[in-house]
Structure formats: C-alpha cells, structure tokens
file work.txt (compact mmCIF, C-alpha atoms)
# COMPACT_ATOMS: atom_id res chain seq x y z
CA MET A 1 0.00 0.00 0.00
CA ASN A 2 1.43 3.38 -0.88
CA ILE A 3 1.31 6.39 1.37
CA GLU A 4 -1.37 8.12 -0.72
CA LEU A 5 -3.79 5.24 -0.21
CA ALA A 6 -2.97 5.02 3.50
CA ARG A 7 -3.52 8.73 3.79
CA THR A 8 -6.85 8.54 1.97
CA ILE A 9 -8.03 5.73 4.22
CA VAL A 10 -7.04 7.51 7.42
CA THR A 11 -8.61 10.76 6.20
CA GLU A 12 -11.86 9.02 5.34
CA ILE A 13 -11.85 7.15 8.67
CA ALA A 14 -11.42 10.48 10.45
CA ASN A 15 -14.28 12.04 8.47
CA ARG A 16 -16.55 9.08 9.16
CA VAL A 17 -15.78 8.98 12.88
CA ILE A 18 -16.31 12.73 13.21
CA ALA A 19 -19.60 12.57 11.27
CA ASN A 20 -20.81 9.81 13.60
CA ALA A 21 -19.56 11.30 16.86
CA GLN A 22 -23.08 11.88 18.13
CA THR A 23 -24.09 8.26 17.43
CA LEU A 24 -21.06 7.01 19.35
CA THR A 25 -21.83 9.30 22.25
CA VAL A 26 -25.45 8.12 22.44
CA LEU A 27 -24.30 4.48 22.53
CA ASP A 28 -21.76 5.34 25.20
CA GLN A 29 -24.34 7.20 27.27
CA ALA A 30 -26.35 3.99 27.42
CA ILE A 31 -23.61 1.79 28.89
CA GLY A 32 -20.44 3.85 29.36
CA ASP A 33 -19.53 7.35 30.44
CA GLY A 34 -20.89 9.08 27.36
CA ASP A 35 -17.64 10.54 26.06
CA HIS A 36 -16.66 8.13 23.27
CA GLY A 37 -17.92 10.22 20.36
CA HIS A 38 -16.51 13.46 21.64
CA ASN A 39 -13.16 11.89 22.51
CA MET A 40 -12.83 10.18 19.14
CA GLN A 41 -13.76 13.42 17.41
CA ARG A 42 -11.06 15.30 19.28
CA GLY A 43 -8.48 12.67 18.35
CA PHE A 44 -9.35 12.46 14.67
CA ASP A 45 -9.71 16.26 14.37
CA ALA A 46 -6.08 16.41 15.48
CA VAL A 47 -5.12 13.78 12.89
CA LEU A 48 -6.82 15.70 10.06
CA LYS A 49 -5.23 18.96 11.14
CA ASP A 50 -1.75 17.48 11.07
CA ILE A 51 -2.09 14.96 8.25
CA ASP A 52 0.46 16.64 5.96
CA ASN A 53 3.18 16.40 8.59
CA LEU A 54 2.19 12.93 9.69
CA SER A 55 2.37 11.45 6.20
CA GLN A 56 5.78 12.65 5.08
CA GLU A 57 7.81 9.50 5.64
CA GLY A 58 6.03 6.44 4.37
CA THR A 59 3.14 4.28 5.51
CA ALA A 60 4.69 2.61 8.56
CA ASP A 61 5.88 5.91 10.00
CA PHE A 62 2.53 7.54 9.16
CA LEU A 63 0.51 4.90 11.02
CA ARG A 64 2.83 5.07 14.03
CA LYS A 65 2.49 8.83 14.20
CA VAL A 66 -1.29 8.68 13.81
CA GLY A 67 -1.37 6.21 16.72
CA THR A 68 0.78 8.39 18.94
CA LEU A 69 -1.39 11.41 18.21
CA LEU A 70 -4.56 9.44 19.01
CA VAL A 71 -3.05 8.34 22.34
CA MET A 72 -2.28 11.93 23.24
CA LYS A 73 -5.49 13.52 22.02
CA ILE A 74 -8.41 11.13 22.49
CA GLY A 75 -8.22 10.74 26.26
CA GLY A 76 -10.44 8.15 27.87
CA ALA A 77 -9.68 4.48 27.44
CA SER A 78 -10.22 4.60 23.68
CA GLY A 79 -7.10 6.77 23.26
CA PRO A 80 -4.65 4.05 24.29
CA LEU A 81 -6.74 1.38 22.56
CA TYR A 82 -7.08 2.98 19.13
CA GLY A 83 -3.65 4.54 19.55
CA THR A 84 -2.16 1.12 20.17
CA LEU A 85 -4.00 -0.25 17.14
CA PHE A 86 -2.46 2.31 14.80
CA MET A 87 0.96 2.33 16.48
CA SER A 88 1.15 -1.43 16.24
CA LEU A 89 0.06 -1.39 12.58
CA GLY A 90 2.91 1.02 11.93
CA LYS A 91 5.38 -1.00 13.95
CA SER A 92 4.63 -4.29 12.20
CA TRP A 93 3.89 -2.84 8.77
CA PRO A 94 5.44 -5.21 6.18
CA GLU A 95 8.08 -4.11 3.72
CA THR A 96 6.32 -6.03 0.98
CA VAL A 97 2.57 -5.79 1.28
CA ASN A 98 0.58 -8.84 0.28
CA ARG A 99 -2.34 -10.61 1.89
CA ASP A 100 -0.12 -12.84 4.04
CA SER A 101 2.16 -10.11 5.30
CA LEU A 102 -0.70 -7.67 5.84
CA GLY A 103 -2.71 -10.37 7.61
CA GLN A 104 0.15 -10.92 10.06
CA CYS A 105 0.43 -7.19 10.62
CA LEU A 106 -3.31 -6.93 11.35
CA GLN A 107 -3.17 -9.88 13.72
CA ALA A 108 -0.27 -8.30 15.60
CA ALA A 109 -2.18 -5.03 15.89
CA VAL A 110 -5.37 -6.63 17.21
CA SER A 111 -3.34 -8.69 19.70
CA ALA A 112 -1.69 -5.49 20.88
CA VAL A 113 -5.11 -3.93 21.47
CA ALA A 114 -6.22 -7.03 23.40
CA ALA A 115 -3.10 -6.81 25.57
CA ARG A 116 -3.57 -3.10 26.16
CA GLY A 117 -7.21 -3.56 27.21
CA LYS A 118 -6.50 -6.86 29.01
CA SER A 119 -9.46 -8.16 27.07
CA GLN A 120 -10.43 -10.98 24.77
CA LEU A 121 -13.14 -12.04 22.35
CA GLY A 122 -16.72 -12.06 23.63
CA GLN A 123 -16.41 -9.33 26.27
CA LYS A 124 -18.44 -6.73 24.37
CA THR A 125 -15.58 -4.61 23.07
CA MET A 126 -14.05 -3.40 19.82
CA LEU A 127 -12.22 -6.72 19.66
CA ASP A 128 -15.50 -8.47 18.89
CA VAL A 129 -15.48 -6.64 15.55
CA LEU A 130 -11.75 -6.56 14.87
CA TYR A 131 -11.00 -10.25 15.50
CA PRO A 132 -13.56 -11.75 13.08
CA VAL A 133 -12.71 -9.24 10.35
CA VAL A 134 -8.98 -9.90 10.61
CA GLU A 135 -9.62 -13.62 10.66
CA GLY A 136 -11.74 -13.30 7.53
CA PHE A 137 -9.05 -11.24 5.86
CA CYS A 138 -6.43 -13.89 6.61
CA GLN A 139 -8.73 -16.56 5.18
CA GLY A 140 -8.99 -14.63 1.92
CA ASP A 141 -12.51 -13.17 2.27
CA ASP A 142 -13.44 -10.44 -0.21
CA LEU A 143 -14.41 -6.89 0.78
CA ALA A 144 -18.15 -7.51 0.72
CA THR A 145 -17.76 -10.51 3.04
CA LEU A 146 -15.48 -8.58 5.40
CA ARG A 147 -17.92 -5.68 5.51
CA GLN A 148 -20.78 -8.02 6.35
CA ALA A 149 -18.69 -9.74 9.02
CA ALA A 150 -18.05 -6.36 10.63
CA ILE A 151 -21.75 -5.43 10.55
CA ASP A 152 -22.82 -8.80 11.97
CA SER A 153 -20.22 -8.86 14.71
CA ALA A 154 -20.97 -5.30 15.82
CA GLN A 155 -24.63 -6.27 15.96
CA ALA A 156 -23.72 -9.36 17.98
CA THR A 157 -22.28 -7.17 20.76
CA VAL A 158 -25.83 -5.94 21.50
CA MET A 159 -26.71 -9.18 23.25
CA MET A 160 -23.35 -9.59 25.00
CA GLN A 161 -22.78 -8.74 28.62
CA ALA A 162 -19.88 -6.34 29.09
CA GLU A 163 -16.89 -7.66 30.97
CA ARG A 164 -14.49 -4.79 30.38
CA GLY A 165 -14.64 -1.04 30.87
CA ARG A 166 -17.27 1.07 32.55
CA ALA A 167 -20.05 -0.96 30.94
CA SER A 168 -18.99 -4.00 32.97
CA PHE A 169 -20.25 -2.24 36.13
CA LEU A 170 -23.76 -2.59 34.68
CA LYS A 171 -23.45 -6.38 34.49
CA GLU A 172 -26.58 -7.81 32.82
CA ARG A 173 -27.98 -4.30 32.28
CA SER A 174 -25.30 -3.81 29.62
CA VAL A 175 -27.16 -6.32 27.46
CA GLY A 176 -29.36 -4.75 24.78
CA HIS A 177 -27.00 -1.99 23.66
CA MET A 178 -24.33 -2.11 20.97
CA ASP A 179 -20.84 -1.58 22.36
CA PRO A 180 -19.64 1.92 21.34
CA GLY A 181 -16.14 0.64 20.61
CA ALA A 182 -17.56 -2.09 18.38
CA LYS A 183 -19.49 0.63 16.55
CA SER A 184 -16.45 2.85 16.04
CA SER A 185 -14.46 -0.16 14.79
CA LEU A 186 -17.32 -1.00 12.43
CA LEU A 187 -17.23 2.57 11.08
CA MET A 188 -13.52 2.21 10.37
CA ILE A 189 -13.87 -1.12 8.59
CA GLU A 190 -16.79 0.13 6.50
CA THR A 191 -14.69 3.13 5.53
CA ILE A 192 -11.73 0.96 4.53
CA CYS A 193 -14.06 -1.19 2.38
CA ASP A 194 -15.57 1.92 0.79
CA VAL A 195 -12.15 3.29 -0.16
CA LEU A 196 -10.76 -0.03 -1.40
CA GLU A 197 -13.83 -0.76 -3.50
CA LYS A 198 -13.12 2.43 -5.46
CA VAL A 199 -9.42 1.65 -6.00
CA MET B 1 4.59 20.45 42.88
CA ILE B 2 6.73 19.23 45.72
CA THR B 3 10.03 17.49 45.15
CA ALA B 4 12.43 15.46 47.25
CA THR B 5 14.27 13.13 44.98
CA ASP B 6 15.41 10.46 47.45
CA LYS B 7 11.87 9.28 48.23
CA VAL B 8 9.42 7.45 46.01
CA GLY B 9 7.27 9.87 44.05
CA ILE B 10 3.49 9.64 44.24
CA VAL B 11 1.24 10.46 41.29
CA ILE B 12 -2.53 10.67 41.64
CA VAL B 13 -4.58 10.15 38.46
CA SER B 14 -8.34 10.65 38.53
CA HIS B 15 -10.97 11.31 35.89
CA SER B 16 -11.79 14.42 37.90
CA ALA B 17 -9.30 17.23 38.48
CA LYS B 18 -11.11 18.02 41.72
CA VAL B 19 -10.81 14.46 43.01
CA ALA B 20 -7.10 14.41 42.10
CA LEU B 21 -6.50 17.74 43.80
CA GLY B 22 -8.56 16.73 46.84
CA ALA B 23 -6.65 13.48 47.23
CA ALA B 24 -3.35 15.36 46.89
CA GLU B 25 -4.46 17.85 49.55
CA MET B 26 -5.26 14.99 51.90
CA VAL B 27 -1.83 13.48 51.28
CA ALA B 28 -0.14 16.81 51.89
CA GLN B 29 -2.05 17.37 55.12
CA MET B 30 -1.61 13.88 56.52
CA VAL B 31 1.87 13.05 55.28
CA GLY B 32 3.37 16.48 54.77
CA SER B 33 5.25 17.97 51.87
CA ASP B 34 8.46 16.00 52.16
CA ILE B 35 7.75 13.62 49.27
CA PRO B 36 7.54 14.24 45.52
CA LEU B 37 3.83 14.47 44.75
CA ALA B 38 1.96 15.29 41.57
CA TRP B 39 -1.62 14.91 40.50
CA THR B 40 -3.64 15.13 37.32
CA GLY B 41 -7.29 14.80 36.49
CA GLY B 42 -9.61 15.58 33.61
CA ASN B 43 -9.06 15.54 29.88
CA SER B 44 -7.21 18.13 27.81
CA GLU B 45 -10.38 20.27 27.53
CA GLY B 46 -10.98 20.42 31.26
CA GLY B 47 -13.80 17.85 31.20
CA LEU B 48 -13.87 14.52 33.00
CA GLY B 49 -11.33 12.00 31.73
CA THR B 50 -7.62 11.35 31.76
CA SER B 51 -4.86 12.44 29.43
CA VAL B 52 -1.71 10.49 28.63
CA GLU B 53 0.11 13.75 28.00
CA GLN B 54 -0.82 15.10 31.43
CA ILE B 55 0.03 11.81 33.14
CA ILE B 56 3.51 11.86 31.57
CA ASP B 57 3.95 15.43 32.85
CA ALA B 58 2.82 14.39 36.34
CA ILE B 59 5.24 11.43 36.42
CA ASN B 60 8.08 13.73 35.42
CA ALA B 61 7.01 16.32 37.98
CA ALA B 62 7.05 13.72 40.77
CA TRP B 63 10.14 12.01 39.40
CA SER B 64 12.46 10.44 41.92
CA GLU B 65 15.44 8.18 41.43
CA ALA B 66 13.65 5.88 43.86
CA GLY B 67 10.80 5.57 41.38
CA VAL B 68 7.19 6.68 41.11
CA ALA B 69 4.00 5.00 42.34
CA ILE B 70 0.78 5.89 40.52
CA LEU B 71 -2.69 5.69 42.06
CA VAL B 72 -5.62 5.63 39.64
CA ASP B 73 -9.39 5.64 39.91
CA LEU B 74 -11.30 3.94 37.07
CA GLY B 75 -10.30 1.80 34.06
CA GLY B 76 -9.35 4.54 31.61
CA ALA B 77 -7.05 6.12 34.17
CA GLU B 78 -5.21 2.82 34.47
CA THR B 79 -5.00 2.20 30.71
CA ASN B 80 -3.82 5.74 30.11
CA SER B 81 -1.26 5.46 32.91
CA GLU B 82 0.12 2.22 31.41
CA MET B 83 0.37 3.98 28.06
CA ALA B 84 2.10 6.95 29.69
CA ILE B 85 4.68 4.66 31.32
CA GLU B 86 5.45 3.05 27.97
CA MET B 87 6.05 6.46 26.45
CA LEU B 88 8.67 7.40 29.05
CA PRO B 89 12.37 7.04 28.27
CA LEU B 90 13.33 3.35 28.55
CA GLU B 91 15.53 3.84 31.61
CA ARG B 92 12.58 5.28 33.54
CA GLN B 93 9.92 2.76 32.53
CA ASP B 94 10.77 0.04 35.04
CA ARG B 95 10.86 2.50 37.90
CA VAL B 96 7.18 3.46 37.63
CA VAL B 97 4.39 1.25 38.96
CA ILE B 98 0.61 1.46 39.09
CA CYS B 99 -0.85 0.46 42.46
CA ASP B 100 -3.96 -1.68 42.47
CA ALA B 101 -5.56 0.25 45.31
CA PRO B 102 -8.31 2.83 45.90
CA VAL B 103 -7.06 6.22 44.77
CA VAL B 104 -7.52 8.30 47.94
CA GLU B 105 -6.67 5.72 50.59
CA GLY B 106 -3.96 4.19 48.41
CA ALA B 107 -2.32 7.57 47.85
CA ILE B 108 -2.17 8.25 51.58
CA MET B 109 -0.81 4.80 52.38
CA ALA B 110 1.75 4.99 49.58
CA ALA B 111 2.81 8.48 50.57
CA THR B 112 3.18 7.50 54.22
CA GLU B 113 5.38 4.58 53.24
CA SER B 114 7.42 6.76 50.88
CA TRP B 115 7.89 9.38 53.59
CA GLY B 116 9.28 6.63 55.83
CA GLY B 117 11.91 5.92 53.19
CA SER B 118 10.62 2.58 51.84
CA ASP B 119 11.51 1.41 48.36
CA LEU B 120 9.10 1.40 45.42
CA ASP B 121 8.03 -2.21 45.84
CA THR B 122 7.19 -1.71 49.52
CA VAL B 123 5.30 1.48 48.76
CA ARG B 124 3.20 -0.33 46.20
CA ARG B 125 2.62 -3.38 48.41
CA THR B 126 1.50 -1.26 51.33
CA ALA B 127 -1.06 0.60 49.21
CA GLU B 128 -2.32 -2.63 47.67
CA GLU B 129 -2.59 -4.47 51.00
CA PHE B 130 -4.70 -1.64 52.34
CA GLY B 131 -6.90 -1.95 49.25
CA LYS B 132 -7.41 -5.66 49.90
CA LYS B 133 -8.59 -5.02 53.45
CA MET B 134 -11.42 -2.97 51.99
CA ASP B 135 -12.71 -5.80 49.77

call {"tool": "encode", "arguments": {"input": "work.txt", "output": "structure tokens"}}
result
Amino acid sequence: MNIELARTIVTEIANRVIANAQTLTVLDQAIGDGDHGHNMQRGFDAVLKDIDNLSQEGTADFLRKVGTLLVMKIGGASGPLYGTLFMSLGKSWPETVNRDSLGQCLQAAVSAVAARGKSQLGQKTMLDVLYPVVEGFCQGDDLATLRQAAIDSAQATVMMQAERGRASFLKERSVGHMDPGAKSSLLMIETICDVLEKV
Amino acid sequence: MITATDKVGIVIVSHSAKVALGAAEMVAQMVGSDIPLAWTGGNSEGGLGTSVEQIIDAINAAWSEAGVAILVDLGGAETNSEMAIEMLPLERQDRVVICDAPVVEGAIMAATESWGGSDLDTVRRTAEEFGKKMD
C-alpha cells in the first residue's frame, strides 16, 4: 500500500468517525460514560489537522504517528486502545505488502489492542469486531464478506454482557446496547471497504 | 509540585481534576510535603477523563530516582497510565508502577510509606494491601 492510499483511508476514517460522533456518544451514554464520540472526534480532528506532517515518511511511519497522536489527544480508554492499534500497525507494517504479510500485521495489531485492554473475544468490546474481520481477511474473504462480518459482529455485541470497561459495572444491564467501541471499529472497517472498493 | 528526589514519588490520576487535587491535599495534610507528589485529572479540555500527555507530565514532575507509584481511579485512568509509562524514556519505565488500590486511601498509604523511606516495591505493596482489606 502506498502512502497516498494510506492517507486517503485515514482521512476518510477520520471524516466518518467525526460525522458519527453523536451516534457514538449516544451508545456510550447507554452503557459507558458518554464521552466516546466526543473523545474520538477530538483525536481524529487532530489527525486531520496534522495529516500533511504525519504522512511525510512512508506508511509505517505515518501509522505510528497517527497512533501516537490518538493516544495523546483522544483521552479516555479509547485513546490508548485505538492509539495502540495504529501504532502497532505502523510498527509491524510489512516491507512487501501482500495478503499474508498484511494479515500478520493486522493480527499483531489486534493482539496489541487485546493486551492493552487486558481483554479478549466475547467481552463486548471493539475486539468483537476486529478479531472476526482480521480472521476473515487472513482466510482470503473479499471486501463484501469482510464488511458483512463487521456489521454482523458489531450487531452481535448488542446481546453480549460487558466484561471490560465502565459498561462492565452494569453487568446484565449492559445487554441490549451495541458496544460503542464495536461501533467505532465498524465505522472504520466500512470506511476501509468503501475506499478499497473504489481503487 | 513538591520534590524530594530520594523518596518514592506519588502520582494521583483521577478522571476528575477536583478528586485528584482533593486526594493530593489529603496526602499533603496527613503526610506532609516532604515527598515528591503530583496529580492530574480531567481531559485536555478540562472535562472529565484522563490524558496520557498530562500523566507523563505528572510522572516527570514527581520524578524520583527511587521511582514513582501511581494511584488511579477507574479503568481509563489505568489504561492511560500504562500507556504513559510506555512512552517514558526506557531507563525510567521500570521504575514506575501502578498500584492496584483505591485512589484516595492508596495515595495516603503509599505516601506514608514513601515518607518513611521505603523502596518502590514496599510502597506499592502497602497501598495494595490496604486496598485488599477494603474488599
């Protein structure tokens, strides 16, 4: 992937997250502390503002810098989580990009997020979207299948009981609401599919 | 900010600047000002939350060669503190610990232990043992 494509994807992710900030906040008000949308908006506003500087030295460096900026600017738990996702993508970005090497890079990034959040699959978090999509990617699924996997797995968090984050305090009362982090991850994957379908 | 570099530094991280300040005031009153102490609370816009940037600043403000013990309130404060530690220079990273203890009581216990000249591990253990008594 060249830097222009990476830059387009990150820009479109930022635009999509910012446009959906209110939706994320409403989800987070139901089961969290109600700041997810606003925090993500602050982080991605900073990315958009600085995108020329961030993208001067190749894709790996770009992703690392985006991650660092998200850590510093988002605040809340999603800062370290999304920051770690992007930083790890940058850190393990392959020299030669193909489906195998990119799959390994994605797996490393999702594992890093799991370690950061001390979380795993099935705990009503962003991982419940990221894991199945990365797995599908590694199996060779096409964009339409990956998009559907993201939609389905975000939807599946509705009926899960939260075991991580503020939502876990609600125990069974967290059931019935989509996890805000699953939703923001879904937005990112839909955006990536949108961009790649046009390439 | 108070500094005294031979004793373990204490950093208080809360989602609320007022809680962080209040806890720091309690530490200062009960333990005195003879330990490095810093606190941070709220996000970069002054709302509720925690900021990695501000946590890094607090760690540096309370820096001691004996190390720094961090007390946190809720999940995001812990995650952001872990992130902050990883963004410190390598030689400082293993001299900063997060205590698994209630923020106010833990800060006072940790500070008391630090004031007495204990090492980082003892400071942390004391705060955490107090936390367990409350379970």

call {"tool": "residues_around", "arguments": {"input": "work.txt", "residues": "Val195 (chain A)", "least_positions_apart": "5", "cutoff": "12 Å", "atoms": "only C-alpha atoms", "output": "number ranges by chain"}}
result
A: 4-13, 16, 143, 188-190

call {"tool": "closest_residue", "arguments": {"input": "work.txt", "among": "B:Asp57, B:Gly117, B:Cys99, B:Val104", "to": "Gly22 (chain B)", "atoms": "all atoms listed in the file"}}
result
B:Val104

call {"tool": "closest_atom_pairs", "arguments": {"input": "work.txt", "of": "chain A", "to": "chain B", "cutoff": "12 Å", "atoms": "all atoms listed in the file", "output": "CSV"}}
result
residue,atom,partner,partner_atom,distance
A:Gly32,CA,B:Gly76,CA,11.3
A:Asp33,CA,B:Leu48,CA,9.5
A:Gly34,CA,B:Leu48,CA,10.5
A:Asp35,CA,B:Gly49,CA,8.6
A:His36,CA,B:Gly49,CA,10.7
A:His38,CA,B:Gly47,CA,10.9
A:Asn39,CA,B:Asn43,CA,9.2
A:Arg42,CA,B:Glu45,CA,9.7
A:Gly43,CA,B:Ser44,CA,11.0
A:Gly67,CA,B:Met83,CA,11.7
A:Thr68,CA,B:Met87,CA,9.4
A:Leu69,CA,B:Glu53,CA,10.2
A:Leu70,CA,B:Val52,CA,10.1
A:Val71,CA,B:Val52,CA,6.8
A:Met72,CA,B:Val52,CA,5.6
A:Lys73,CA,B:Ser51,CA,7.5
A:Ile74,CA,B:Ser51,CA,7.9
A:Gly75,CA,B:Ser51,CA,4.9
A:Gly76,CA,B:Gly76,CA,5.3
A:Ala77,CA,B:Gly76,CA,4.2
A:Ser78,CA,B:Gly76,CA,8.0
A:Gly79,CA,B:Asn80,CA,7.7
A:Pro80,CA,B:Asn80,CA,6.1
A:Leu81,CA,B:Thr79,CA,8.4
A:Tyr82,CA,B:Met83,CA,11.7
A:Gly83,CA,B:Met83,CA,9.4
A:Thr84,CA,B:Met83,CA,8.8
A:Met87,CA,B:Met83,CA,11.7
A:Val113,CA,B:Thr79,CA,11.1
A:Ala114,CA,B:Thr79,CA,11.8
A:Ala115,CA,B:Thr79,CA,10.5
A:Arg116,CA,B:Thr79,CA,7.1
A:Gly117,CA,B:Thr79,CA,7.1
A:Lys118,CA,B:Thr79,CA,9.3
A:Ser119,CA,B:Thr79,CA,11.9
A:Glu163,CA,B:Gly75,CA,11.9
A:Arg164,CA,B:Gly75,CA,8.6
A:Gly165,CA,B:Gly75,CA,6.1
A:Arg166,CA,B:Gly75,CA,7.2
A:Ala167,CA,B:Gly75,CA,10.6
A:Ser168,CA,B:Gly75,CA,10.5
A:Phe169,CA,B:Leu74,CA,10.9

call {"tool": "residues_near_point", "arguments": {"input": "work.txt", "point": "(-22.2, -5.9, 31.7)", "cutoff": "12 Å", "atoms": "only C-alpha atoms", "output": "JSON, numbers by chain"}}
result
{"A": [30, 31, 32, 122, 123, 124, 125, 157, 158, 159, 160, 161, 162, 163, 164, 165, 166, 167, 168, 169, 170, 171, 172, 173, 174, 175, 176, 177, 178, 179]}

call {"tool": "residues_around", "arguments": {"input": "work.txt", "residues": "Glu95 (chain A)", "least_positions_apart": "2", "cutoff": "10 Å", "atoms": "all atoms listed in the file", "output": "count of residues only"}}
result
9

call {"tool": "atom_distance", "arguments": {"input": "work.txt", "atom1": "CA of Val27 (chain B)", "atom2": "CA of Asp94 (chain B)"}}
result
24.6 Å

call {"tool": "axis_aligned_box", "arguments": {"input": "work.txt", "around": "region 113-119 of chain A", "padding_each_side": "4 Å", "output": "JSON"}}
result
{"center_x": -6.3, "center_y": -5.6, "center_z": 25.2, "size_x": 14.4, "size_y": 13.1, "size_z": 15.5}

call {"tool": "atom_distance", "arguments": {"input": "work.txt", "atom1": "CA of Leu21 (chain B)", "atom2": "CA of Thr25 (chain A)"}}
result
27.8 Å
